[in-house]
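A.B. asks: input16.pdb (PDB, C-alpha atoms, pLDDT in the B column) pasted underneath:
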```pdb
MODEL        1
ATOM      1  CA  GLN A   1    -112.481 167.873 350.361  1.00 60.00           C
ATOM      2  CA  LYS A   2    -111.526 164.235 350.791  1.00 74.00           C
ATOM      3  CA  GLU A   3    -107.826 163.512 351.308  1.00 88.00           C
ATOM      4  CA  VAL A   4    -107.677 161.266 348.240  1.00 93.00           C
ATOM      5  CA  GLU A   5    -109.936 161.647 345.206  1.00 94.00           C
ATOM      6  CA  GLN A   6    -110.315 158.979 342.556  1.00 94.00           C
ATOM      7  CA  ASP A   7    -112.887 158.747 339.770  1.00 88.00           C
ATOM      8  CA  PRO A   8    -114.805 155.500 340.372  1.00 84.00           C
ATOM      9  CA  GLY A   9    -115.547 154.978 336.655  1.00 86.00           C
ATOM     10  CA  PRO A  10    -116.491 152.462 335.402  1.00 92.00           C
ATOM     11  CA  LEU A  11    -113.915 152.529 332.643  1.00 95.00           C
ATOM     12  CA  SER A  12    -114.394 150.189 329.677  1.00 97.00           C
ATOM     13  CA  VAL A  13    -111.663 149.689 327.070  1.00 97.00           C
ATOM     14  CA  PRO A  14    -110.948 147.168 324.307  1.00 97.00           C
ATOM     15  CA  GLU A  15    -108.110 144.695 324.655  1.00 97.00           C
ATOM     16  CA  GLY A  16    -104.761 146.231 323.739  1.00 97.00           C
ATOM     17  CA  ALA A  17    -105.712 149.775 324.768  1.00 97.00           C
ATOM     18  CA  ILE A  18    -103.583 151.991 326.974  1.00 97.00           C
ATOM     19  CA  VAL A  19    -105.340 152.726 330.239  1.00 97.00           C
ATOM     20  CA  SER A  20    -104.728 155.766 332.405  1.00 97.00           C
ATOM     21  CA  LEU A  21    -105.910 155.802 336.017  1.00 97.00           C
ATOM     22  CA  ASN A  22    -105.471 158.840 338.239  1.00 97.00           C
ATOM     23  CA  CYS A  23    -105.786 160.141 341.765  1.00 97.00           C
ATOM     24  CA  THR A  24    -105.428 163.571 343.298  1.00 97.00           C
ATOM     25  CA  TYR A  25    -104.724 164.292 346.928  1.00 96.00           C
ATOM     26  CA  SER A  26    -104.675 167.214 349.303  1.00 94.00           C
ATOM     27  CA  ASN A  27    -102.189 166.226 352.020  1.00 92.00           C
ATOM     28  CA  SER A  28     -98.736 167.466 351.048  1.00 92.00           C
ATOM     29  CA  ALA A  29     -97.205 165.230 353.748  1.00 90.00           C
ATOM     30  CA  PHE A  30     -97.938 162.094 351.706  1.00 91.00           C
ATOM     31  CA  GLN A  31     -94.697 160.567 350.492  1.00 89.00           C
ATOM     32  CA  TYR A  32     -95.515 156.891 349.866  1.00 90.00           C
ATOM     33  CA  PHE A  33     -97.759 156.149 346.909  1.00 93.00           C
ATOM     34  CA  MET A  34     -99.163 152.804 345.892  1.00 93.00           C
ATOM     35  CA  TRP A  35    -101.564 151.177 343.538  1.00 96.00           C
ATOM     36  CA  TYR A  36    -103.559 148.138 344.567  1.00 96.00           C
ATOM     37  CA  ARG A  37    -105.595 145.868 342.335  1.00 97.00           C
ATOM     38  CA  GLN A  38    -108.713 144.216 343.672  1.00 96.00           C
ATOM     39  CA  TYR A  39    -110.528 141.448 341.856  1.00 95.00           C
ATOM     40  CA  SER A  40    -114.174 140.839 342.643  1.00 92.00           C
ATOM     41  CA  ARG A  41    -114.665 139.262 346.076  1.00 90.00           C
ATOM     42  CA  LYS A  42    -110.939 139.287 346.805  1.00 93.00           C
ATOM     43  CA  GLY A  43    -108.655 141.389 348.965  1.00 94.00           C
ATOM     44  CA  PRO A  44    -106.565 144.203 347.449  1.00 95.00           C
ATOM     45  CA  GLU A  45    -103.087 143.213 346.259  1.00 94.00           C
ATOM     46  CA  LEU A  46    -100.146 145.563 345.916  1.00 93.00           C
ATOM     47  CA  LEU A  47     -99.371 146.333 342.292  1.00 94.00           C
ATOM     48  CA  MET A  48     -96.969 149.272 342.299  1.00 92.00           C
ATOM     49  CA  TYR A  49     -95.146 151.324 344.904  1.00 89.00           C
ATOM     50  CA  THR A  50     -93.430 154.693 344.477  1.00 88.00           C
ATOM     51  CA  TYR A  51     -91.650 156.811 347.018  1.00 84.00           C
ATOM     52  CA  SER A  52     -91.913 160.587 346.541  1.00 82.00           C
ATOM     53  CA  SER A  53     -91.998 161.943 342.987  1.00 83.00           C
ATOM     54  CA  GLY A  54     -90.987 160.140 339.838  1.00 85.00           C
ATOM     55  CA  ASN A  55     -91.835 157.202 337.618  1.00 91.00           C
ATOM     56  CA  LYS A  56     -91.634 153.490 338.135  1.00 92.00           C
ATOM     57  CA  GLU A  57     -92.129 150.826 335.504  1.00 95.00           C
ATOM     58  CA  ASP A  58     -92.911 147.148 335.943  1.00 93.00           C
ATOM     59  CA  GLY A  59     -93.766 145.241 332.798  1.00 96.00           C
ATOM     60  CA  ARG A  60     -96.927 146.721 331.297  1.00 97.00           C
ATOM     61  CA  PHE A  61     -97.499 148.979 334.318  1.00 97.00           C
ATOM     62  CA  THR A  62     -96.064 152.459 334.904  1.00 97.00           C
ATOM     63  CA  ALA A  63     -96.716 154.517 338.020  1.00 96.00           C
ATOM     64  CA  GLN A  64     -96.108 158.259 338.047  1.00 96.00           C
ATOM     65  CA  VAL A  65     -96.122 160.674 340.970  1.00 95.00           C
ATOM     66  CA  ASP A  66     -96.169 164.448 340.611  1.00 94.00           C
ATOM     67  CA  LYS A  67     -95.985 165.869 344.119  1.00 93.00           C
ATOM     68  CA  SER A  68     -96.018 169.459 342.914  1.00 93.00           C
ATOM     69  CA  SER A  69     -99.466 168.886 341.401  1.00 94.00           C
ATOM     70  CA  LYS A  70    -100.537 166.347 344.062  1.00 95.00           C
ATOM     71  CA  TYR A  71    -101.399 163.929 341.271  1.00 95.00           C
ATOM     72  CA  ILE A  72    -100.564 160.269 340.731  1.00 96.00           C
ATOM     73  CA  SER A  73    -101.199 158.047 337.739  1.00 97.00           C
ATOM     74  CA  LEU A  74    -101.091 154.406 336.763  1.00 97.00           C
ATOM     75  CA  PHE A  75    -100.696 153.493 333.093  1.00 97.00           C
ATOM     76  CA  ILE A  76    -101.444 150.037 331.775  1.00 98.00           C
ATOM     77  CA  ARG A  77    -100.107 149.249 328.303  1.00 97.00           C
ATOM     78  CA  ASP A  78    -101.521 146.534 326.056  1.00 98.00           C
ATOM     79  CA  SER A  79    -104.417 145.977 328.441  1.00 97.00           C
ATOM     80  CA  GLN A  80    -105.715 142.417 328.788  1.00 97.00           C
ATOM     81  CA  PRO A  81    -109.090 141.028 329.904  1.00 97.00           C
ATOM     82  CA  SER A  82    -107.285 139.736 333.005  1.00 97.00           C
ATOM     83  CA  ASP A  83    -106.644 143.386 333.959  1.00 97.00           C
ATOM     84  CA  SER A  84    -110.378 143.809 334.595  1.00 97.00           C
ATOM     85  CA  ALA A  85    -110.552 144.724 338.272  1.00 97.00           C
ATOM     86  CA  THR A  86    -110.889 147.676 340.620  1.00 96.00           C
ATOM     87  CA  TYR A  87    -107.718 149.751 340.958  1.00 97.00           C
ATOM     88  CA  LEU A  88    -107.213 151.611 344.222  1.00 96.00           C
ATOM     89  CA  CYS A  89    -104.642 154.294 344.776  1.00 96.00           C
ATOM     90  CA  ALA A  90    -103.256 154.500 348.298  1.00 93.00           C
ATOM     91  CA  MET A  91    -100.899 156.882 349.991  1.00 91.00           C
ATOM     92  CA  SER A  92     -99.359 157.556 353.347  1.00 87.00           C
ATOM     93  CA  ALA A  93     -97.503 160.206 355.282  1.00 84.00           C
ATOM     94  CA  GLY A  94     -95.957 157.497 357.418  1.00 75.00           C
ATOM     95  CA  THR A  95     -98.768 155.802 359.275  1.00 75.00           C
ATOM     96  CA  ALA A  96    -101.871 154.115 357.918  1.00 82.00           C
ATOM     97  CA  LEU A  97    -102.522 153.944 354.205  1.00 87.00           C
ATOM     98  CA  ILE A  98    -105.318 156.191 352.962  1.00 90.00           C
ATOM     99  CA  PHE A  99    -107.152 154.765 349.975  1.00 93.00           C
ATOM    100  CA  GLY A 100    -108.998 156.325 347.081  1.00 94.00           C
ATOM    101  CA  LYS A 101    -112.442 154.987 346.248  1.00 93.00           C
ATOM    102  CA  GLY A 102    -111.116 152.832 343.431  1.00 94.00           C
ATOM    103  CA  THR A 103    -111.688 152.836 339.660  1.00 95.00           C
ATOM    104  CA  THR A 104    -113.447 149.841 338.132  1.00 95.00           C
ATOM    105  CA  LEU A 105    -111.811 148.805 334.856  1.00 97.00           C
ATOM    106  CA  SER A 106    -113.286 146.428 332.310  1.00 97.00           C
ATOM    107  CA  VAL A 107    -111.168 145.222 329.372  1.00 97.00           C
ATOM    108  CA  SER A 108    -113.143 143.508 326.632  1.00 96.00           C
ATOM    109  CA  SER A 109    -111.632 140.958 324.244  1.00 92.00           C
TER
ATOM    110  CA  ASP B   1    -100.364 128.550 352.925  1.00 68.00           C
ATOM    111  CA  THR B   2    -102.479 131.728 353.156  1.00 75.00           C
ATOM    112  CA  ALA B   3    -100.466 134.743 354.363  1.00 93.00           C
ATOM    113  CA  VAL B   4    -103.371 136.643 355.956  1.00 96.00           C
ATOM    114  CA  SER B   5    -106.427 134.558 356.687  1.00 96.00           C
ATOM    115  CA  GLN B   6    -109.777 135.714 357.987  1.00 96.00           C
ATOM    116  CA  THR B   7    -112.713 133.754 359.312  1.00 97.00           C
ATOM    117  CA  PRO B   8    -115.514 133.588 358.566  1.00 97.00           C
ATOM    118  CA  LYS B   9    -115.642 134.606 354.888  1.00 96.00           C
ATOM    119  CA  TYR B  10    -119.359 135.290 355.096  1.00 97.00           C
ATOM    120  CA  LEU B  11    -121.449 136.299 358.078  1.00 97.00           C
ATOM    121  CA  VAL B  12    -125.200 136.922 358.006  1.00 97.00           C
ATOM    122  CA  THR B  13    -126.737 137.953 361.288  1.00 97.00           C
ATOM    123  CA  GLN B  14    -129.661 139.811 362.783  1.00 97.00           C
ATOM    124  CA  MET B  15    -129.632 143.345 364.136  1.00 97.00           C
ATOM    125  CA  GLY B  16    -128.710 143.498 367.790  1.00 97.00           C
ATOM    126  CA  ASN B  17    -126.499 140.401 367.745  1.00 97.00           C
ATOM    127  CA  ASP B  18    -122.839 140.308 368.791  1.00 98.00           C
ATOM    128  CA  LYS B  19    -120.316 138.745 366.416  1.00 97.00           C
ATOM    129  CA  SER B  20    -116.551 138.288 366.045  1.00 97.00           C
ATOM    130  CA  ILE B  21    -114.230 138.118 363.069  1.00 98.00           C
ATOM    131  CA  LYS B  22    -110.807 136.510 363.394  1.00 98.00           C
ATOM    132  CA  CYS B  23    -107.601 137.276 361.548  1.00 97.00           C
ATOM    133  CA  GLU B  24    -104.240 135.529 361.530  1.00 97.00           C
ATOM    134  CA  GLN B  25    -101.052 136.280 359.612  1.00 97.00           C
ATOM    135  CA  ASN B  26     -98.081 133.974 359.136  1.00 96.00           C
ATOM    136  CA  LEU B  27     -95.753 136.550 357.601  1.00 94.00           C
ATOM    137  CA  GLY B  28     -93.995 137.461 360.827  1.00 93.00           C
ATOM    138  CA  HIS B  29     -95.236 141.057 360.478  1.00 92.00           C
ATOM    139  CA  ASP B  30     -95.388 143.321 363.517  1.00 90.00           C
ATOM    140  CA  THR B  31     -98.416 145.373 362.504  1.00 90.00           C
ATOM    141  CA  MET B  32    -101.994 144.438 361.735  1.00 93.00           C
ATOM    142  CA  TYR B  33    -104.995 146.470 360.627  1.00 93.00           C
ATOM    143  CA  TRP B  34    -108.740 146.352 360.229  1.00 95.00           C
ATOM    144  CA  TYR B  35    -110.255 148.145 357.249  1.00 95.00           C
ATOM    145  CA  LYS B  36    -113.932 148.488 356.354  1.00 96.00           C
ATOM    146  CA  GLN B  37    -114.997 148.514 352.691  1.00 95.00           C
ATOM    147  CA  ASP B  38    -118.474 149.868 352.050  1.00 90.00           C
ATOM    148  CA  SER B  39    -120.787 149.092 349.156  1.00 86.00           C
ATOM    149  CA  LYS B  40    -119.060 151.738 347.041  1.00 82.00           C
ATOM    150  CA  LYS B  41    -115.710 149.957 347.491  1.00 82.00           C
ATOM    151  CA  PHE B  42    -114.302 152.693 349.747  1.00 88.00           C
ATOM    152  CA  LEU B  43    -111.660 151.246 352.093  1.00 92.00           C
ATOM    153  CA  LYS B  44    -111.388 153.014 355.431  1.00 92.00           C
ATOM    154  CA  ILE B  45    -108.945 152.309 358.276  1.00 91.00           C
ATOM    155  CA  MET B  46    -110.553 151.325 361.569  1.00 94.00           C
ATOM    156  CA  PHE B  47    -107.778 150.094 363.828  1.00 91.00           C
ATOM    157  CA  SER B  48    -104.127 149.187 363.836  1.00 90.00           C
ATOM    158  CA  TYR B  49    -102.104 147.143 366.299  1.00 90.00           C
ATOM    159  CA  ASN B  50     -98.345 146.927 366.539  1.00 87.00           C
ATOM    160  CA  ASN B  51     -97.073 143.942 368.453  1.00 84.00           C
ATOM    161  CA  LYS B  52    -100.316 143.696 370.468  1.00 84.00           C
ATOM    162  CA  GLU B  53    -100.479 147.432 371.171  1.00 86.00           C
ATOM    163  CA  LEU B  54    -103.228 149.649 369.728  1.00 87.00           C
ATOM    164  CA  ILE B  55    -101.628 152.422 367.669  1.00 84.00           C
ATOM    165  CA  ILE B  56    -104.459 153.643 365.445  1.00 82.00           C
ATOM    166  CA  ASN B  57    -108.055 154.007 366.521  1.00 82.00           C
ATOM    167  CA  GLU B  58    -110.089 155.969 363.998  1.00 84.00           C
ATOM    168  CA  THR B  59    -113.537 157.370 364.689  1.00 80.00           C
ATOM    169  CA  VAL B  60    -115.327 154.067 365.025  1.00 89.00           C
ATOM    170  CA  PRO B  61    -118.367 153.393 367.262  1.00 91.00           C
ATOM    171  CA  ASN B  62    -117.284 151.809 370.533  1.00 91.00           C
ATOM    172  CA  ARG B  63    -119.474 148.827 369.649  1.00 96.00           C
ATOM    173  CA  PHE B  64    -116.382 147.739 367.685  1.00 95.00           C
ATOM    174  CA  SER B  65    -113.608 146.364 369.850  1.00 94.00           C
ATOM    175  CA  PRO B  66    -110.385 144.931 368.464  1.00 94.00           C
ATOM    176  CA  LYS B  67    -108.271 142.455 370.393  1.00 94.00           C
ATOM    177  CA  SER B  68    -104.763 141.269 369.669  1.00 93.00           C
ATOM    178  CA  PRO B  69    -103.725 138.270 371.784  1.00 92.00           C
ATOM    179  CA  ASP B  70    -100.348 138.148 370.020  1.00 92.00           C
ATOM    180  CA  LYS B  71     -98.752 139.878 367.065  1.00 90.00           C
ATOM    181  CA  ALA B  72     -99.952 137.214 364.627  1.00 95.00           C
ATOM    182  CA  HIS B  73    -103.622 137.588 365.521  1.00 96.00           C
ATOM    183  CA  LEU B  74    -106.065 140.478 365.442  1.00 96.00           C
ATOM    184  CA  ASN B  75    -109.744 139.873 366.109  1.00 96.00           C
ATOM    185  CA  LEU B  76    -112.681 142.227 365.773  1.00 97.00           C
ATOM    186  CA  HIS B  77    -115.690 141.967 368.033  1.00 97.00           C
ATOM    187  CA  ILE B  78    -118.846 143.882 367.189  1.00 97.00           C
ATOM    188  CA  ASN B  79    -121.646 144.401 369.712  1.00 97.00           C
ATOM    189  CA  SER B  80    -125.271 145.251 368.984  1.00 97.00           C
ATOM    190  CA  LEU B  81    -124.941 144.982 365.226  1.00 97.00           C
ATOM    191  CA  GLU B  82    -126.760 147.570 363.113  1.00 97.00           C
ATOM    192  CA  LEU B  83    -127.853 147.550 359.484  1.00 96.00           C
ATOM    193  CA  GLY B  84    -125.165 150.133 358.664  1.00 94.00           C
ATOM    194  CA  ASP B  85    -122.457 147.723 359.795  1.00 96.00           C
ATOM    195  CA  SER B  86    -123.052 145.660 356.649  1.00 97.00           C
ATOM    196  CA  ALA B  87    -119.799 145.818 354.694  1.00 96.00           C
ATOM    197  CA  VAL B  88    -116.712 143.822 353.850  1.00 97.00           C
ATOM    198  CA  TYR B  89    -114.121 143.879 356.630  1.00 98.00           C
ATOM    199  CA  PHE B  90    -110.509 143.376 355.613  1.00 97.00           C
ATOM    200  CA  CYS B  91    -107.632 142.459 357.826  1.00 97.00           C
ATOM    201  CA  ALA B  92    -104.139 143.461 356.666  1.00 95.00           C
ATOM    202  CA  SER B  93    -100.591 143.310 357.942  1.00 93.00           C
ATOM    203  CA  SER B  94     -97.299 145.101 357.318  1.00 90.00           C
ATOM    204  CA  PRO B  95     -93.748 144.497 358.536  1.00 87.00           C
ATOM    205  CA  LYS B  96     -93.434 147.641 360.660  1.00 77.00           C
ATOM    206  CA  PRO B  97     -95.712 150.397 361.960  1.00 69.00           C
ATOM    207  CA  LEU B  98     -93.426 153.360 361.600  1.00 54.00           C
ATOM    208  CA  ARG B  99     -93.399 154.494 358.014  1.00 59.00           C
ATOM    209  CA  ALA B 100     -95.853 151.651 357.534  1.00 54.00           C
ATOM    210  CA  GLY B 101     -96.930 153.166 354.269  1.00 57.00           C
ATOM    211  CA  ALA B 102     -93.468 152.406 352.936  1.00 65.00           C
ATOM    212  CA  TYR B 103     -93.965 148.668 353.033  1.00 72.00           C
ATOM    213  CA  GLY B 104     -97.395 148.175 351.637  1.00 82.00           C
ATOM    214  CA  TYR B 105     -99.921 145.925 353.240  1.00 90.00           C
ATOM    215  CA  THR B 106    -100.861 142.312 352.678  1.00 93.00           C
ATOM    216  CA  PHE B 107    -104.624 141.923 352.809  1.00 95.00           C
ATOM    217  CA  GLY B 108    -106.794 138.999 353.709  1.00 96.00           C
ATOM    218  CA  SER B 109    -109.646 138.024 351.422  1.00 95.00           C
ATOM    219  CA  GLY B 110    -112.255 139.787 353.541  1.00 96.00           C
ATOM    220  CA  THR B 111    -115.287 138.953 355.662  1.00 97.00           C
ATOM    221  CA  ARG B 112    -118.585 139.903 354.058  1.00 97.00           C
ATOM    222  CA  LEU B 113    -120.904 140.914 356.904  1.00 97.00           C
ATOM    223  CA  THR B 114    -124.618 141.278 356.222  1.00 97.00           C
ATOM    224  CA  VAL B 115    -126.880 142.515 358.998  1.00 97.00           C
ATOM    225  CA  VAL B 116    -130.587 141.832 358.443  1.00 97.00           C
TER
ENDMDL
END
```
What is this file in structure tokens?

C.D. replies:
Amino acid sequence: QKEVEQDPGPLSVPEGAIVSLNCTYSNSAFQYFMWYRQYSRKGPELLMYTYSSGNKEDGRFTAQVDKSSKYISLFIRDSQPSDSATYLCAMSAGTALIFGKGTTLSVSS
Amino acid sequence: DTAVSQTPKYLVTQMGNDKSIKCEQNLGHDTMYWYKQDSKKFLKIMFSYNNKELIINETVPNRFSPKSPDKAHLNLHINSLELGDSAVYFCASSPKPLRAGAYGYTFGSGTRLTVV
């Protein structure tokens, strides 16, 4: 079993939809959880960061961590065509970040 | 001013050649990383340096050799290139190594290596 599992998609939604992206993990030592967004032919950029369990909201984005279920989510409200990208979850127990495989999202106008 | 810059952006080379990729960060971070992203977009850690000292060395063929002349630079030299080395190589940096996952990383825009 890989340390971090993420459905690669692709996921296609119409503009304005609510998008839910998820990752599961196996290492209970993970305590730092992040979401990165990667546009085509660009480097990943940090979108959201959460420490331990709980929710964090930033504009249209909400990150949730459930450590008891080893499950993290990213919700995007009122999705826009500019949200079309690959979303990578990443997590760490204190050293290097371990990434999921990324979910490719396409938002059509 | 680019925070983490890599050169070259594209590299096409023949099997068996030796090549280098350079990375520089102007963020004042202590820690730098090399990640490899395969054709399926999977990002995997290769190496990490903290203030010129190697702190992470994942299971990578010894044809890959990182070098950090100072904490702002981390280069990657690859000997005897193979077809399977074709990938995008990303350099990243973070403020500190300990609890590095707490700070997030700043990535460069990648070097697309194609071995023919």

A.B. asks: When the PyMOL selection byres ((chain A and resi 82-91) around 7) is applied to the structure above, which residues does it catch, written out as a list in words?

C.D. replies: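 Against this file, the PyMOL selection byres ((chain A and resi 82-91) around 7) returns the residues Cys23, Phe30, Tyr32, Phe33, Met34, Trp35, Tyr36, Arg37, Gln38, Tyr39, Ser40, Ser79, Gln80, Pro81, Ser92, Leu97, Ile98, Phe99, Gly100, Lys101, Gly102, Thr103, Thr104, Leu105, Ser106 and Val107 of chain A; Gly101 of chain B.
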
A.B. asks: If I take atom CA of Asn50 of chain B and atom CA of Pro69 of chain B, how far is one from the other in Å, to one decimal?

C.D. replies: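 Those two atoms sit 11.5 Å apart.
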
A.B. asks: Please identify every residue of segment 7-79 of chain B that has at least one atom no farther than 8 Å from an atom of segment 85-97 of chain B, counting all atoms listed in the file, and for each give the shortest atom pair and the distance in Å to one decimal, arranged by chain then increasing number, as JSON lines.

C.D. replies:
```
{"residue": "B:Cys23", "atom": "CA", "partner": "B:Cys91", "partner_atom": "CA", "distance": 6.4}
{"residue": "B:Gln25", "atom": "CA", "partner": "B:Ser93", "partner_atom": "CA", "distance": 7.2}
{"residue": "B:Gly28", "atom": "CA", "partner": "B:Pro95", "partner_atom": "CA", "distance": 7.4}
{"residue": "B:His29", "atom": "CA", "partner": "B:Pro95", "partner_atom": "CA", "distance": 4.2}
{"residue": "B:Asp30", "atom": "CA", "partner": "B:Pro95", "partner_atom": "CA", "distance": 5.4}
{"residue": "B:Thr31", "atom": "CA", "partner": "B:Ser94", "partner_atom": "CA", "distance": 5.3}
{"residue": "B:Met32", "atom": "CA", "partner": "B:Ser93", "partner_atom": "CA", "distance": 4.2}
{"residue": "B:Tyr33", "atom": "CA", "partner": "B:Ala92", "partner_atom": "CA", "distance": 5.0}
{"residue": "B:Trp34", "atom": "CA", "partner": "B:Cys91", "partner_atom": "CA", "distance": 4.7}
{"residue": "B:Tyr35", "atom": "CA", "partner": "B:Phe90", "partner_atom": "CA", "distance": 5.0}
{"residue": "B:Lys36", "atom": "CA", "partner": "B:Tyr89", "partner_atom": "CA", "distance": 4.6}
{"residue": "B:Gln37", "atom": "CA", "partner": "B:Val88", "partner_atom": "CA", "distance": 5.1}
{"residue": "B:Asp38", "atom": "CA", "partner": "B:Ala87", "partner_atom": "CA", "distance": 5.0}
{"residue": "B:Ser39", "atom": "CA", "partner": "B:Ala87", "partner_atom": "CA", "distance": 6.5}
{"residue": "B:Asn50", "atom": "CA", "partner": "B:Pro97", "partner_atom": "CA", "distance": 6.3}
```

A.B. asks: Please indicate the distance in Å from atom CA of Phe61 of chain A to atom CA of Val13 of chain A, rounded to one decimal place.

C.D. replies: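 These two atoms are separated by 15.9 Å.
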
A.B. asks: For Met15 of chain B, list every protein, DNA or RNA residue within 10 Å, evaluated using all atoms listed in the file, and leave out those in the same chain fewer than 3 positions away; present the list as a count of residues only.

C.D. replies: 12

A.B. asks: Find the residues around Thr24 of chain A up to 9 Å (all atoms listed in the file counted), leave out those fewer than 3 positions away in its own chain, and share them as number ranges by chain.

C.D. replies: A: 3-6, 69-73, 100

A.B. asks: Care to translate the PyMOL selection byres ((chain A and resi 29) around 9) into actual residues of this file, as a ChimeraX atom specification?

C.D. replies: /A:26-28,30-31,92-94

A.B. asks: So which residues touch Tyr10 of chain B within 8 Å, counting all atoms listed in the file, skipping near sequence neighbours fewer than 6 positions away, as a list in words?

C.D. replies: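 With the cut-off at 8 Å, the set is Thr111, Arg112 and Leu113 of chain B.
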
A.B. asks: Applied to the shown file, which residues does the PyMOL selection byres ((chain A and resi 48-50) around 9) return, written as a ChimeraX atom specification?

C.D. replies: /A:31-36,46-47,51-58,61-65,74 /B:102-104

A.B. asks: Using only C-alpha atoms, pick whichever of A:Arg60, A:Lys42, A:Lys67, A:Arg77 has the shortest atom-to-atom distance to chain B.

C.D. replies: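 Looking at the shortest contact to chain B, the residue is A:Lys42.
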
A.B. asks: May I ask which of the residues A:Asp78, A:Ala96, A:Gly59, A:Glu45 is the closest one to Pro14 of chain A, counting all atoms listed in the file?

C.D. replies: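 Smallest separation from Pro14 of chain A among the options: A:Asp78.
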
A.B. asks: Could you tell me how far atom CA of Lys52 of chain B sits from atom CA of Arg41 of chain A, in Å to one decimal place?

C.D. replies: 28.6 Å

A.B. asks: My list of candidates is B:Ser68, B:Ser20, B:Ser48, B:Asn57. Which is closest to Pro8 of chain B when distances are computed with all atoms listed in the file?

C.D. replies: B:Ser20

A.B. asks: Return the padded bounding box of segment 82-96 of chain B as AutoDock Vina command-line options: axis-aligned, built from all atoms listed in the file, 4 Å added on each side, with centre and edge lengths in Å to one decimal.

C.D. replies:
```
--center_x -110.6 --center_y 146.3 --center_z 358.5 --size_x 42.4 --size_y 15.7 --size_z 17.3
```

A.B. asks: Which is closer to Asn75 of chain B than all the others in B:Thr7, B:Thr2, B:Asn26, B:Thr13, using all atoms listed in the file?

C.D. replies: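 Between B:Thr7, B:Thr2, B:Asn26, B:Thr13, the residue approaching Asn75 of chain B most closely is B:Thr7.
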
A.B. asks: With all atoms listed in the file as the atoms that count, which of B:Ile78, B:Phe107, B:Lys67, B:Asn62 lies nearest to chain A?

C.D. replies: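 Closest to chain A, using all atoms listed in the file: B:Phe107.
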
A.B. asks: Choose the residue, out of A:Thr95, A:Glu15, A:Asp7, A:Phe75, that has the smallest atom-to-atom separation from chain B; count all atoms listed in the file.

C.D. replies: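 Ranked by minimum distance to chain B, first place goes to A:Thr95.
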